[in-house]
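structure-v5.txt (compact mmCIF, C-alpha atoms and all ligand atoms) appears below.
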```
# COMPACT_ATOMS: atom_id res chain seq x y z
CA MET A 245 265.94 167.12 -0.99
CA SER A 246 263.63 166.51 1.99
CA ALA A 247 262.20 163.16 2.97
CA ASP A 248 258.72 164.39 2.00
CA LEU A 249 259.78 165.18 -1.53
CA ASP A 250 261.57 161.82 -1.82
CA GLN A 251 258.32 160.22 -0.78
CA ASP A 252 256.47 162.10 -3.51
CA VAL A 253 258.88 160.88 -6.17
CA VAL A 254 258.58 157.29 -5.01
CA THR A 255 254.79 157.56 -4.74
CA ARG A 256 254.59 158.86 -8.29
CA LEU A 257 257.01 156.19 -9.54
CA ARG A 258 254.83 153.46 -8.06
CA GLN A 259 251.71 155.10 -9.46
CA VAL A 260 253.24 155.16 -12.95
CA ARG A 261 254.28 151.52 -12.61
CA SER A 262 250.76 150.47 -11.67
CA GLU A 263 249.29 152.51 -14.54
CA ILE A 264 251.68 150.78 -16.95
CA ASP A 265 250.64 147.38 -15.60
CA ARG A 266 246.97 148.24 -15.94
CA ALA A 267 247.38 149.60 -19.48
CA ALA A 268 249.22 146.42 -20.47
CA ARG A 269 246.49 144.18 -19.04
CA ASP A 270 243.78 146.30 -20.69
CA ALA A 271 245.58 145.75 -24.00
CA GLY A 272 245.74 142.00 -23.41
CA ARG A 273 249.50 142.16 -22.90
CA LYS A 274 251.72 141.03 -20.05
CA PRO A 275 252.87 143.87 -17.78
CA SER A 276 256.40 142.44 -18.08
CA ALA A 277 256.26 143.15 -21.83
CA VAL A 278 256.47 146.89 -21.13
CA THR A 279 259.65 148.45 -19.73
CA LEU A 280 259.62 151.77 -17.90
CA VAL A 281 262.44 154.11 -18.88
CA ALA A 282 262.46 156.79 -16.14
CA VAL A 283 263.49 160.05 -17.81
CA SER A 284 265.72 161.87 -15.34
CA LYS A 285 266.97 164.70 -17.58
CA THR A 286 267.47 168.02 -15.74
CA TYR A 287 267.20 166.25 -12.35
CA PHE A 288 270.21 165.90 -10.09
CA ALA A 289 271.40 162.83 -8.27
CA ASP A 290 269.43 163.71 -5.11
CA ALA A 291 266.14 163.35 -7.02
CA ILE A 292 267.27 160.21 -8.84
CA GLU A 293 268.55 158.35 -5.78
CA PRO A 294 265.17 157.60 -4.17
CA VAL A 295 264.00 156.19 -7.51
CA LEU A 296 267.08 153.95 -7.64
CA GLU A 297 266.52 152.94 -4.01
CA ASP A 298 263.00 151.87 -4.95
CA GLY A 299 264.40 149.46 -7.53
CA GLN A 300 264.12 151.39 -10.78
CA ARG A 301 267.20 150.67 -12.90
CA ILE A 302 266.42 151.93 -16.40
CA PHE A 303 266.81 155.66 -17.02
CA GLY A 304 266.65 158.02 -19.98
CA GLU A 305 268.75 161.15 -20.50
CA ASN A 306 268.73 163.54 -23.43
CA ARG A 307 272.20 165.12 -23.20
CA VAL A 308 275.55 163.40 -23.29
CA GLN A 309 277.35 166.07 -21.26
CA GLU A 310 274.74 166.28 -18.53
CA SER A 311 274.80 162.49 -18.23
CA GLN A 312 278.58 162.41 -17.98
CA ALA A 313 278.36 164.81 -15.07
CA LYS A 314 275.86 162.84 -12.99
CA TRP A 315 275.78 159.16 -14.02
CA PRO A 316 279.28 157.73 -13.55
CA ASP A 317 278.97 158.15 -9.74
CA LEU A 318 275.45 156.70 -9.66
CA LYS A 319 276.48 153.82 -11.92
CA ALA A 320 279.37 153.04 -9.57
CA ARG A 321 276.88 152.66 -6.72
CA PHE A 322 274.17 150.91 -8.77
CA PRO A 323 276.16 148.89 -11.33
CA ASP A 324 273.10 147.30 -12.95
CA VAL A 325 271.72 150.64 -14.12
CA GLU A 326 270.77 150.72 -17.82
CA LEU A 327 271.13 154.18 -19.32
CA HIS A 328 269.26 155.21 -22.48
CA LEU A 329 270.23 158.19 -24.64
CA ILE A 330 266.91 159.64 -25.85
CA GLY A 331 268.13 163.02 -27.14
CA PRO A 332 269.92 163.92 -30.38
CA LEU A 333 273.46 162.61 -30.77
CA GLN A 334 276.20 164.69 -32.41
CA SER A 335 278.81 162.77 -34.39
CA ASN A 336 281.60 164.32 -32.31
CA LYS A 337 279.98 162.90 -29.15
CA ALA A 338 279.74 159.31 -30.43
CA LYS A 339 282.77 158.17 -28.41
CA GLU A 340 281.40 159.57 -25.14
CA ALA A 341 277.91 158.22 -25.86
CA VAL A 342 279.18 154.69 -26.59
CA ALA A 343 281.28 154.78 -23.41
CA LEU A 344 278.41 155.82 -21.12
CA PHE A 345 275.09 154.65 -22.58
CA ASP A 346 273.70 151.12 -22.72
CA VAL A 347 271.06 152.00 -25.29
CA ILE A 348 271.18 154.78 -27.90
CA GLU A 349 267.60 155.43 -29.06
CA THR A 350 268.34 158.26 -31.46
CA VAL A 351 270.21 156.87 -34.46
CA ASP A 352 268.61 159.02 -37.15
CA ARG A 353 270.99 159.80 -40.01
CA PRO A 354 273.91 158.36 -41.99
CA SER A 355 276.54 160.56 -40.30
CA ILE A 356 275.55 159.20 -36.87
CA ALA A 357 275.48 155.61 -38.10
CA GLU A 358 278.96 156.11 -39.57
CA ALA A 359 280.28 157.66 -36.37
CA LEU A 360 278.88 154.78 -34.30
CA ALA A 361 280.30 152.16 -36.67
CA LYS A 362 283.70 153.84 -36.43
CA GLU A 363 283.49 153.89 -32.64
CA PHE A 364 282.46 150.22 -32.55
CA SER A 365 285.64 149.39 -34.49
CA LYS A 366 287.69 150.85 -31.62
CA THR A 367 285.94 149.57 -28.52
CA ASP A 368 284.27 146.45 -27.17
CA ARG A 369 281.30 148.38 -25.80
CA ARG A 370 278.12 147.68 -27.78
CA PRO A 371 275.16 149.79 -26.69
CA LYS A 372 271.89 148.63 -28.18
CA LEU A 373 270.68 150.89 -30.97
CA TYR A 374 267.24 152.14 -31.94
CA VAL A 375 266.40 154.28 -34.96
CA GLN A 376 264.38 157.41 -34.29
CA VAL A 377 261.58 157.99 -36.80
CA ASN A 378 260.09 161.45 -37.30
CA THR A 379 256.56 160.10 -37.71
CA GLY A 380 255.02 163.59 -37.91
CA GLU A 381 257.63 164.74 -40.44
CA GLU A 382 258.18 167.89 -38.38
CA ALA A 383 260.96 170.14 -39.67
CA GLN A 384 262.24 170.98 -36.18
CA LYS A 385 262.25 167.39 -34.96
CA ALA A 386 265.02 164.80 -35.24
CA GLY A 387 264.43 161.41 -36.81
CA ILE A 388 264.48 159.72 -40.18
CA ALA A 389 261.40 160.38 -42.36
CA PRO A 390 258.94 157.43 -42.32
CA GLN A 391 259.31 156.84 -46.07
CA GLU A 392 263.11 156.68 -45.70
CA ALA A 393 263.12 154.36 -42.69
CA ASP A 394 263.25 151.01 -44.53
CA ALA A 395 266.21 152.07 -46.69
CA PHE A 396 268.03 153.57 -43.70
CA LEU A 397 267.54 150.40 -41.66
CA ARG A 398 268.92 148.37 -44.58
CA ARG A 399 271.99 150.61 -44.80
CA CYS A 400 272.53 150.35 -41.04
CA ARG A 401 272.64 146.58 -41.41
CA ASP A 402 274.45 146.10 -44.74
CA GLU A 403 276.71 149.14 -44.97
CA TRP A 404 277.59 149.94 -41.35
CA HIS A 405 276.98 146.50 -39.77
CA LEU A 406 275.01 148.07 -36.95
CA PRO A 407 272.51 145.78 -35.28
CA ILE A 408 269.40 147.94 -34.90
CA GLU A 409 267.13 146.54 -32.24
CA GLY A 410 264.14 148.85 -32.32
CA LEU A 411 262.46 152.11 -33.26
CA MET A 412 261.66 155.26 -31.30
CA CYS A 413 259.34 158.19 -31.98
CA ILE A 414 258.08 161.42 -30.42
CA PRO A 415 254.68 162.31 -31.93
CA PRO A 416 253.77 165.95 -32.65
CA VAL A 417 252.42 167.63 -29.48
CA ASP A 418 249.26 168.87 -31.18
CA GLU A 419 248.05 165.64 -32.75
CA PRO A 420 246.44 162.52 -31.30
CA PRO A 421 249.44 160.23 -30.79
CA SER A 422 247.91 156.87 -31.65
CA ALA A 423 248.26 157.19 -35.43
CA HIS A 424 251.97 157.92 -34.90
CA PHE A 425 252.39 154.96 -32.59
CA GLY A 426 250.60 152.79 -35.14
CA LEU A 427 252.86 154.01 -37.94
CA LEU A 428 255.99 153.23 -35.88
CA ALA A 429 254.65 149.75 -35.08
CA LYS A 430 254.01 149.15 -38.79
CA ILE A 431 257.52 150.18 -39.82
CA ALA A 432 258.97 147.97 -37.08
CA ALA A 433 256.87 144.96 -38.08
CA ARG A 434 257.81 145.08 -41.76
CA ASN A 435 261.49 145.37 -40.79
CA GLY A 436 261.38 142.51 -38.31
CA LEU A 437 262.02 144.74 -35.26
CA LYS A 438 260.40 143.90 -31.92
CA THR A 439 261.36 146.89 -29.77
CA LEU A 440 259.19 150.00 -29.80
CA SER A 441 260.13 152.98 -27.64
CA MET A 442 257.06 155.22 -27.65
CA GLY A 443 254.85 157.00 -25.15
CA MET A 444 255.71 159.66 -22.56
CA SER A 445 253.95 161.00 -19.44
CA ALA A 446 250.92 162.26 -21.36
CA ASP A 447 250.35 159.29 -23.65
CA PHE A 448 252.09 156.13 -22.43
CA GLU A 449 248.79 154.28 -22.04
CA ALA A 450 247.91 154.88 -25.70
CA ALA A 451 251.42 153.77 -26.67
CA ILE A 452 251.07 150.54 -24.70
CA GLN A 453 247.76 149.95 -26.46
CA MET A 454 249.64 150.24 -29.78
CA GLY A 455 252.43 147.87 -28.77
CA ALA A 456 255.08 149.94 -26.96
CA THR A 457 257.77 147.78 -25.37
CA HIS A 458 259.46 150.81 -23.75
CA VAL A 459 257.73 153.93 -22.41
CA ARG A 460 259.82 157.01 -21.56
CA VAL A 461 258.24 158.74 -18.60
CA GLY A 462 259.76 161.84 -16.99
CA SER A 463 257.51 164.49 -15.46
CA ALA A 464 254.87 162.04 -14.21
CA ILE A 465 257.61 160.65 -11.93
CA PHE A 466 260.02 163.49 -11.20
CA GLY A 467 257.59 166.42 -11.47
CA HIS A 468 257.61 169.31 -13.87
CA ARG A 469 260.95 170.37 -15.20
CA ALA A 470 262.06 173.99 -14.73
C1 LIG B 501 261.78 164.49 -21.97
C2 LIG B 501 261.52 163.33 -22.85
C3 LIG B 501 260.62 162.32 -22.43
C4 LIG B 501 259.83 162.39 -21.14
O1 LIG B 501 258.83 163.35 -21.27
P1 LIG B 501 257.71 163.53 -20.13
O2 LIG B 501 256.62 164.24 -20.83
O3 LIG B 501 258.37 164.36 -19.06
O4 LIG B 501 257.34 162.20 -19.65
C5 LIG B 501 260.46 161.22 -23.26
N1 LIG B 501 261.13 161.11 -24.43
C6 LIG B 501 262.00 162.06 -24.86
C7 LIG B 501 262.70 161.86 -26.15
C8 LIG B 501 262.22 163.19 -24.08
O5 LIG B 501 263.08 164.12 -24.52
```

Could you rewrite the structure in this file as structure tokens?
Amino acid sequence: MSADLDQDVVTRLRQVRSEIDRAARDAGRKPSAVTLVAVSKTYFADAIEPVLEDGQRIFGENRVQESQAKWPDLKARFPDVELHLIGPLQSNKAKEAVALFDVIETVDRPSIAEALAKEFSKTDRRPKLYVQVNTGEEAQKAGIAPQEADAFLRRCRDEWHLPIEGLMCIPPVDEPPSAHFGLLAKIAARNGLKTLSMGMSADFEAAIQMGATHVRVGSAIFGHRA
């Protein structure tokens, strides 16, 4: 990748950071209360490196296999990287996911909770866990239904002994996102959870307004994916 393109990525990264800071201040929140998860899926190491060089350390990926191919080398060079799994997890990939990721944002059904609990019994690694909620109740989308979230969170705690730290959602593309962000915040509040992963390139400012602690921003930093 040419120096010019590197510059573009870093310029966009800094732009996104300043927009996050401004959105936080506008909402009466501290900029430090909002964490940028830079979503690097589909991008190779040469696009990710300039972002690492500029100090970004928290990244999101949606596929276990793709991440295994590109992140071990980058993690060796930047050991304080924090890697978030933001795509669906298959039970048969739980071992690999626990080995590589620092945060798994997509715990969304009993079979995954069971697979993670089983993996935790075999290893000392303890990625943080978020539950994904399908706030729009879309058939094609992953996530626990909003009306099942409280019971699922209880089972995660009591049955599988999984410490769930937060919630994550991806609102429907064709609806105003704020109602979905508000619903996620409400479910989190009544379950005593403080971490809210919500908001992407198109809507992170609205998410910050509604209390997002983590925004997952890809294309606004790396450019449009092929
Ligand atoms: C790809 C993806 C993002 C980033 O989307 P952009 O619109 O590129 O910012 C955020 N969250 C999830 C779950 C994703 O799959």

What residues have any atom no more than 10 Å from ligand LIG 501 (chain B) when counting all atoms listed in the file, and can you list them as a short mmCIF file (atom, residue, chain, number, x, y, z; two decimals) with C-alpha atoms, in the frame of the given file?
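The resulting file, part_21.cif, is reproduced below:
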```
data_model
loop_
_atom_site.label_atom_id
_atom_site.label_comp_id
_atom_site.auth_asym_id
_atom_site.auth_seq_id
_atom_site.Cartn_x
_atom_site.Cartn_y
_atom_site.Cartn_z
CA VAL A 281 262.44 154.11 -18.88
CA ALA A 282 262.46 156.79 -16.14
CA VAL A 283 263.49 160.05 -17.81
CA SER A 284 265.72 161.87 -15.34
CA LYS A 285 266.97 164.70 -17.58
CA THR A 286 267.47 168.02 -15.74
CA GLY A 304 266.65 158.02 -19.98
CA GLU A 305 268.75 161.15 -20.50
CA ASN A 306 268.73 163.54 -23.43
CA ARG A 307 272.20 165.12 -23.20
CA LEU A 329 270.23 158.19 -24.64
CA ILE A 330 266.91 159.64 -25.85
CA GLY A 331 268.13 163.02 -27.14
CA PRO A 332 269.92 163.92 -30.38
CA GLU A 349 267.60 155.43 -29.06
CA THR A 350 268.34 158.26 -31.46
CA GLN A 376 264.38 157.41 -34.29
CA ALA A 386 265.02 164.80 -35.24
CA MET A 412 261.66 155.26 -31.30
CA CYS A 413 259.34 158.19 -31.98
CA ILE A 414 258.08 161.42 -30.42
CA PRO A 415 254.68 162.31 -31.93
CA SER A 441 260.13 152.98 -27.64
CA MET A 442 257.06 155.22 -27.65
CA GLY A 443 254.85 157.00 -25.15
CA MET A 444 255.71 159.66 -22.56
CA SER A 445 253.95 161.00 -19.44
CA ALA A 446 250.92 162.26 -21.36
CA ASP A 447 250.35 159.29 -23.65
CA PHE A 448 252.09 156.13 -22.43
CA VAL A 459 257.73 153.93 -22.41
CA ARG A 460 259.82 157.01 -21.56
CA VAL A 461 258.24 158.74 -18.60
CA GLY A 462 259.76 161.84 -16.99
CA SER A 463 257.51 164.49 -15.46
CA ALA A 464 254.87 162.04 -14.21
CA ILE A 465 257.61 160.65 -11.93
CA PHE A 466 260.02 163.49 -11.20
CA GLY A 467 257.59 166.42 -11.47
CA HIS A 468 257.61 169.31 -13.87
CA ARG A 469 260.95 170.37 -15.20
#
```

message: Would you pick out the contacts of Val278 (chain A) at 6 Å or less, using only C-alpha atoms, so that residues sharing its chain but fewer than 2 positions from it are not included, and give the list as an MDAnalysis selection string?
response: chainID A and resid 275:276 457:458

Could you save those same residues with C-alpha atoms as a PDB file, keeping the file's coordinate frame?
```pdb
ATOM      1  CA  PRO A 275     252.870 143.870 -17.780  1.00  0.00           C
ATOM      2  CA  SER A 276     256.400 142.440 -18.080  1.00  0.00           C
ATOM      3  CA  THR A 457     257.770 147.780 -25.370  1.00  0.00           C
ATOM      4  CA  HIS A 458     259.460 150.810 -23.750  1.00  0.00           C
TER       5      HIS A 458
END
```

- request: Could you tell me how far CA of Trp404 (chain A) lies from CA of Ala359 (chain A), in Å and to one decimal?
  value: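 Between these atoms lies a distance of 9.6 Å.
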
Counting all atoms listed in the file, the residue of A:Val254, A:Ile264, A:Leu318, A:Ala277 that sits nearest Pro294 (chain A):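 Going through A:Val254, A:Ile264, A:Leu318, A:Ala277 one by one, the smallest distance to Pro294 (chain A) is for A:Val254.
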
message: For a cutoff of 8 Å around the file-coordinate point (248.8, 147.3, -25.9), which residues qualify once you count all atoms listed in the file? I'd like the result as a PyMOL selection string.
response: chain A and resi 267-273+449-456

Å distance separating CA of Lys438 (chain A) from CA of Gly410 (chain A), one decimal place: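 Separating CA of Lys438 (chain A) from CA of Gly410 (chain A) is a distance of 6.2 Å.
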
task: Name all residues at most 8 Å from region 337-346 of chain A (count all atoms listed in the file; drop same-chain ones fewer than 4 positions away) and give them as JSON, numbers by chain.
output: {"A": [308, 312, 316, 326, 327, 328, 329, 333, 356, 359, 360, 363, 369, 370, 371, 372]}

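Note that the spacing between CA of Lys366 (chain A) and CA of Asn435 (chain A) amounts to 28.3 Å.
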
field: Pick from A:Asp402, A:Pro323, A:Tyr287, A:Gln300 nearest to Val260 (chain A), counting all atoms listed in the file
entry: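 That would be A:Gln300, the residue with the smallest distance to Val260 (chain A).
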
query: Using only C-alpha atoms, what residues lie at most 12 Å away from (254.8, 152.6, -8.7) (file coordinates), given as JSON, numbers by chain?
result: {"A": [251, 252, 253, 254, 255, 256, 257, 258, 259, 260, 261, 262, 263, 264, 265, 266, 280, 282, 295, 298, 299, 300, 464, 465]}

Using the file's own x, y and z axes, what box holds all listed atoms of region 451-470 of chain A with 4 Å on each side, keeping edges along x, y and z, and what are its centre and edge lengths in Å to one decimal, as AutoDock Vina command-line options?
```
--center_x 254.9 --center_y 160.9 --center_z -20.5 --size_x 22.3 --size_y 34.2 --size_z 26.6
```

Which residues, written as a short mmCIF file (atom, residue, chain, number, x, y, z; two decimals) with C-alpha atoms, in the coordinates of the input, have at least one atom at most 12 Å from Glu419 (chain A), with all atoms listed in the file counted and residues fewer than 5 positions away on the same chain left out?
```cif
data_model
loop_
_atom_site.label_atom_id
_atom_site.label_comp_id
_atom_site.auth_asym_id
_atom_site.auth_seq_id
_atom_site.Cartn_x
_atom_site.Cartn_y
_atom_site.Cartn_z
CA THR A 379 256.56 160.10 -37.71
CA GLY A 380 255.02 163.59 -37.91
CA GLU A 382 258.18 167.89 -38.38
CA ILE A 414 258.08 161.42 -30.42
CA HIS A 424 251.97 157.92 -34.90
CA PHE A 425 252.39 154.96 -32.59
CA ASP A 447 250.35 159.29 -23.65
#
```

query: Counting all atoms listed in the file, which of A:Asp368, A:Glu381, A:Asp317, A:Glu392 gets nearest to Pro354 (chain A)?
result: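 Going through A:Asp368, A:Glu381, A:Asp317, A:Glu392 one by one, the smallest distance to Pro354 (chain A) is for A:Glu392.
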
message: If we count all atoms listed in the file and set the cut-off at 10 Å, which residues sit around Phe288 (chain A), ignoring sequence neighbours fewer than 4 positions away in its own chain? Please answer as a PyMOL selection string.
response: chain A and resi 284+292-293+310-311+313-315
